[in-house]
Structures are given as structure tokens and as C-alpha cells.
Amino acid sequence: MRRAFFAILRRDLALATRAGGGGELALVFFLTLVVLVPFALGPDLNLLSRIGPAILWLGALLATLIGLDRLFQGDEEDGSLDLIRASVLPLELAVLAKGLAHWLTTGLPLALCAPLLGLLVALPAEAMLPVAATLLAGTPALSFIGATGAALTASLKRGGLIVPVLVAPLTVPVLIFGVSASNSALGGTIPFLTPFLILCALSLAAIVIGTIAAAAALRQAD
Amino acid sequence: MASLTELANPTRFMRYSAVLLPWFAGAALVLLALGFYLAWFVAPADYQQGETIRIMFVHVPAAWLALMFYTMMAVSALGTLVWRHPLADVAQKAAAPIGAAFSLICLITGAFWGKPMWGTYWVWDARLTSVLVLFLIYLGIIALWRTLDEPSRAGRAVAILTLVGFVNVPIIKFSVDWWNTLHQPASVFRMGGPTIDASMLQPLLILAVGFTLLALALHLVAMRAEIMRRRVRTLTIFEAERLDRLAAQGAAA
Amino acid sequence: MSSLGPHAGFILAAYGAVAVILGGLIAAILLDHRAQKRALDALEQRGIGRRSGSTS
């Protein structure tokens, strides 16, 4: 069972890191979004540094959601999803492996790149680490909430915008606590840990709920 | 024939709903007429909010119905997934547009109430924001219904989405409260206000019941339409298959 | 309803919005109901629906 789990994980990692996989594309999309914001707002560094964490979080949220519709679609099309359904591995664990692979190839790189992109929006040095930490803790929630949406639309030929439309309202709490934890590191009355721990709790809850719901959705689909 | 047993229960529903429907609609009309009469001609203007208090009489029932219909959808979702009740996903599909319409009414009347009272159409107040997110969830559910065409499969997918949303709604409410206390603007906002006088409470309750009955009547009609849509779909497929068989026999002969 | 005070426009706009949304909802549901009923009746007229008397 453990072998099957790691086989799925390895396969998805290999697929994502190969040329044309979703991983680096999400990163480029993230960079593009962060670059676009100053063009819309003007190059006022004071303003940008004040809303920097929010820009980075929005960018990460969109970059995660946009590519999610492919999470199960490819497997549905080439039939590997049927093999996964028929295997000894419980569907929940298979979804967990796929969600984990998605996070390792999107959320994790996004969080690691966030300090670099933070330079573009004049993020103060003391905020770099907290922003990266909140992204690290918060993006699993995005991956797994998104996995539910992806599983619901796995059978569609063109998922397109439907997954972000379904998932975005459910990510409101993650966004709120991610940004407010980042901002509290910049000063303010609440300590960093309070929203950060709630963010971690949200992530853990999302991993459980998202995995169960996505597996249920995949089971219903056949 | 599997489809016949499947039709049995909806058929009974069609018969009962045809009997109930005129009563629901009639009671709704009577109560709404009475409630609006009291709200417009009898209830006094509020001493602080003036005549704008008249907006409350539709705003509050709409908010209540937006929440009630989502709860009904969550119960129906359980009915679809756990008990596999054949009418549950019909009820759920019919409820989504009605709930969305009432949350939109709640938002818009709130905006027109807010402008004269707080000087702005929209404040990012916790309650308003939560209703807005609820409206977005409704739209997502409707969008998912429209993209999946096979009814029973779409029903189960939407049921899962509805339940995930239902689990999320308290979390969203909690985080929006937190976010709101962080960003509280200068306190223009005081919702509690004076306790409601009986002359206002009475039309409000009558209107709330009236709107609820109206919404339930609409729900019944929408469910009947959905059941007929599915029957049309099944019959069309049967007919196409029959013609197919006939054509095959004709070709063989 | 002698006078609606200084904010009459907002009150009327709110009630107008309610009328438009509710009216639209009611119209959409009733039209859909009628369309489905017609489609079903048309099928039954052609002798396809083998269950009669169950539609209303």
C-alpha cells in the first residue's frame, strides 16, 4: 500500500517537473501577476510595501487555482484513474498522494520564491520570512480545497474557469489568515503566532476535508 | 424496468405537490398583501432611521431565506449521498437559483438601505461580506449544475460541493469576523439599534412567513419542472433507442 | 405612504430591485415549468410516454 502511494507521488512529480508540466508554469504565472500589479497601481514603493503581502498572497492563490483543473482530468482521460480506483490503495490515499505532489510542485516553489518576488513590491526585509512561512503553511490548504473542485470536474473535457469559480469562495478564510499573519509580522497589535496557528489549523482541516471530499467525488463519477 | 420504479416516487410527489401548490401560493399572496399593507400604511416611521425602515421588511426575510435555502440544500445533499433519495437532488437543483435570488435581494436592498443610513452603498462589514460569499457559493453551485449534463451524476457532484460549502460557511463567518475587527473603519456601523417595536415586528413576521411560503411554492414549481425535464430526457432517449432498434431490424430484413 | 421623506428614491429603488429579481425568478420558473410540460405533453401525444395522468 505504501509502495502504491509513493508510486503515484513519484509519477505525479515526474509528470509535473517534465517540460510542459504544470509546475514551472504556475511559477511563471505567479511572477507575471506580481509584475502586473505595480503597472495597475503605479510604482509608489510605500503603497506597494504596505500591500506587498496581499499581492503575494493573491498571486499565489490565483497561480494555484488556475492550473488545478488538470489535476485529475489527465488521469481520467488516459484511464489511469480507473486503475487507481481498482487498486488496493484506498482512493483517499491516492488523492492524498496527488494533492501532495501538486503542493510540492506548485505551493512549495511559490513559497520559496515569494521572498525574491517580495523585492519587487518593496517588502521590508523583516517581512520576507513571515510571508514565506505563511505561504508555506497556507498553500497546502489551497491545493487540497482545490483538489475537491478538480475532482468534481474531472470528467469534463474542458474544465477551464469552473474550478476557480467553485473553489475561490471557499479559500476566503485561508486568504484572510494568510495575509493577516503576514501583516502582523510587519507590526500591529496582534502577535504573529495567533493568525499563523489558525492558518496551520485551516490547512490541516483542508487536507482532511479536501481529501475525503475529492475521493468521494471521484467515486461518484463512475 | 428500472426506470419505472425510479419514477414511482416522483410520480407521487407530482400528485401531492399539485394539491399543495395552490394553498401555498394563495397563503403566500394573502400574507404578503397583508404584510405589505401593515408595513407601508400602518407601521410608523422609525424615529432614527425614518422611512428607510421600510426596506427592512424585505431585507430581513431575504437574508433569512438565503440561509434557509442553503440549509435545505445541505440536507438534500445528505439525502442524495447517504439515503439516495430520488427526489433529493431534484430538490437541491430547484433550490439553488431561489436561494441565490434571495441572497441577491438581501445584498441589493442592504445597499439601498446603507446609502442613506451610513452614507455608502457598501461596507465590508462582517455580515454583508458573509452574505456576499454565500452568494458566490450559490453561483458556483449553479455553474456546476450547468456544466454537468447527466442529472444523477451532476446531483452527486453538486451534493459534495454543497456539503463542503456547508462545512465552510461557519469557518468563513468566523474568519470574516476576525478580518472585520482588524479592519474596522470608524464606527459608523451600529446594527443592533433600538429594539424593534411591536408595530414593526408584526408586519415583519407576517412578511417573513409570506416570503417563505412564496419561496416554497416556487420551489415546488421548480421541482415539478425539473422532474418533467428528466422524464422528457429519459423518454427521448428511450424513443431514440427504439427507433435505432427499428432501423437495425429494417436493415437486417 | 403620504410621504417617504428625504430618502424616497432609495426606498423605491430597493423595492424596485426586489420586484425585478423576484419577478424574474417567478417568470423564469413558470416559463420553464410550462416549457417542460409542453415537451412532455408533445411526447405523450406521439404515444411515447406510456404513463398518462401523472403530470399534474
# chains A, B, ... in the order shown; residues from 1 in each chain; ligands from 1
>>> interface_residues(of="chain B", to="chain A", cutoff="9 Å", atoms="only C-alpha atoms", output="PyMOL selection string")
chain B and resi 133-134+136-137+139-141+143-144+147-148+153-154+156-158+160-161+163-165+168-169+171-176+178-179+182
>>> residues_around(residues="region 200-211 of chain B", least_positions_apart="3", cutoff="9 Å", atoms="only C-alpha atoms", output="mmCIF file with C-alpha atoms, in the first residue's frame")
data_model
loop_
_atom_site.group_PDB
_atom_site.id
_atom_site.type_symbol
_atom_site.label_atom_id
_atom_site.label_comp_id
_atom_site.auth_asym_id
_atom_site.auth_seq_id
_atom_site.Cartn_x
_atom_site.Cartn_y
_atom_site.Cartn_z
ATOM 1 C CA ALA B 27 -51.455 31.755 1.553
ATOM 2 C CA ALA B 28 -48.283 33.480 0.377
ATOM 3 C CA LEU B 29 -50.270 36.067 -1.573
ATOM 4 C CA VAL B 30 -52.640 36.781 1.317
ATOM 5 C CA LEU B 31 -49.831 37.103 3.859
ATOM 6 C CA LEU B 32 -47.670 39.223 1.554
ATOM 7 C CA ALA B 33 -50.569 41.552 0.809
ATOM 8 C CA LEU B 34 -51.439 41.889 4.491
ATOM 9 C CA GLY B 35 -47.794 42.273 5.486
ATOM 10 C CA PHE B 36 -47.076 44.941 2.915
ATOM 11 C CA TYR B 37 -50.242 46.796 3.875
ATOM 12 C CA LEU B 38 -49.150 46.856 7.513
ATOM 13 C CA ALA B 39 -45.556 47.663 6.602
ATOM 14 C CA VAL B 42 -49.742 51.145 9.425
ATOM 15 C CA ALA B 43 -46.203 50.802 10.759
ATOM 16 C CA PRO B 44 -44.778 54.165 11.808
ATOM 17 C CA MET B 56 -36.046 46.233 6.438
ATOM 18 C CA PHE B 57 -39.324 44.474 5.711
ATOM 19 C CA VAL B 58 -37.882 42.807 2.610
ATOM 20 C CA VAL B 60 -34.570 40.669 6.720
ATOM 21 C CA PRO B 61 -36.839 37.957 5.221
ATOM 22 C CA ALA B 62 -34.489 37.739 2.209
ATOM 23 C CA TRP B 64 -33.391 34.508 6.394
ATOM 24 C CA LEU B 65 -34.453 32.750 3.196
ATOM 25 C CA ILE B 196 -37.988 46.642 17.393
ATOM 26 C CA ASP B 197 -41.415 47.926 18.342
ATOM 27 C CA LEU B 214 -43.788 32.113 -1.706
ATOM 28 C CA ALA B 215 -40.287 30.661 -1.890
ATOM 29 C CA LEU B 216 -41.568 27.189 -1.012
#
>>> residues_around(residues="Ala100 (chain B)", least_positions_apart="2", cutoff="12 Å", atoms="only C-alpha atoms", output="JSON, numbers by chain")
{"B": [62, 63, 65, 66, 67, 68, 69, 70, 73, 93, 94, 95, 96, 97, 98, 102, 103, 104, 105, 106, 107, 131, 132, 133, 134, 135, 136, 137, 138, 139, 140, 141, 142, 143, 215], "C": [21, 22, 25]}
>>> atom_distance(atom1="CA of Arg11 (chain A)", atom2="CA of Leu135 (chain A)")
25.0 Å
>>> atom_distance(atom1="CA of Leu21 (chain B)", atom2="CA of Leu218 (chain B)")
8.9 Å
>>> interface_residues(of="chain B", to="chain C", cutoff="9 Å", atoms="only C-alpha atoms", output="PyMOL selection string")
chain B and resi 11-12+14-15+17-19+40-41+50-55+58+97-98+101-102+104-106+108-113+115-116+218-219+221-229+231-232+235-236+238-239
>>> select_by_dssp(residues="region 10-219 of chain A", states="alpha helix (DSSP H)", output="ChimeraX atom specification")
/A:10-17,22-41,45-66,70-78,80-86,91-102,108-120,125-152,162-167,172-185,193-219
>>> closest_atom_pairs(of="region 129-213 of chain A", to="region 120-123 of chain A", cutoff="12 Å", atoms="only C-alpha atoms", output="Markdown table")
| residue | atom | partner | partner_atom | distance |
| --- | --- | --- | --- | --- |
| A:Leu129 | CA | A:Leu123 | CA | 10.5 |
| A:Pro130 | CA | A:Leu123 | CA | 11.0 |
| A:Val131 | CA | A:Leu123 | CA | 9.4 |
| A:Ala132 | CA | A:Leu123 | CA | 11.6 |
| A:Ser182 | CA | A:Leu123 | CA | 10.7 |
| A:Asn183 | CA | A:Leu123 | CA | 10.7 |
| A:Ala185 | CA | A:Leu123 | CA | 11.5 |
| A:Leu186 | CA | A:Leu123 | CA | 9.6 |
>>> write_last_selection(atoms="N, CA and C atoms", output="mmCIF file, in the first residue's frame")
data_model
loop_
_atom_site.group_PDB
_atom_site.id
_atom_site.type_symbol
_atom_site.label_atom_id
_atom_site.label_comp_id
_atom_site.auth_asym_id
_atom_site.auth_seq_id
_atom_site.Cartn_x
_atom_site.Cartn_y
_atom_site.Cartn_z
ATOM 1 N N LEU A 129 10.588 36.586 5.642
ATOM 2 C CA LEU A 129 10.473 35.249 6.209
ATOM 3 C C LEU A 129 9.035 34.923 6.611
ATOM 4 N N PRO A 130 8.356 35.844 7.331
ATOM 5 C CA PRO A 130 6.949 35.535 7.679
ATOM 6 C C PRO A 130 6.070 35.284 6.463
ATOM 7 N N VAL A 131 6.242 36.079 5.390
ATOM 8 C CA VAL A 131 5.403 35.861 4.220
ATOM 9 C C VAL A 131 5.662 34.483 3.634
ATOM 10 N N ALA A 132 6.969 34.128 3.522
ATOM 11 C CA ALA A 132 7.277 32.799 3.001
ATOM 12 C C ALA A 132 6.695 31.725 3.913
ATOM 13 N N SER A 182 0.849 37.604 7.764
ATOM 14 C CA SER A 182 1.978 38.312 7.165
ATOM 15 C C SER A 182 2.030 39.754 7.645
ATOM 16 N N ASN A 183 0.872 40.386 7.694
ATOM 17 C CA ASN A 183 0.842 41.791 8.092
ATOM 18 C C ASN A 183 1.198 41.972 9.560
ATOM 19 N N ALA A 185 3.337 40.439 11.124
ATOM 20 C CA ALA A 185 4.786 40.418 11.272
ATOM 21 C C ALA A 185 5.368 41.799 11.010
ATOM 22 N N LEU A 186 4.645 42.631 10.282
ATOM 23 C CA LEU A 186 5.107 43.984 9.979
ATOM 24 C C LEU A 186 4.788 44.972 11.093
#
>>> atom_distance(atom1="CA of Thr106 (chain A)", atom2="CA of Ala125 (chain A)")
24.0 Å
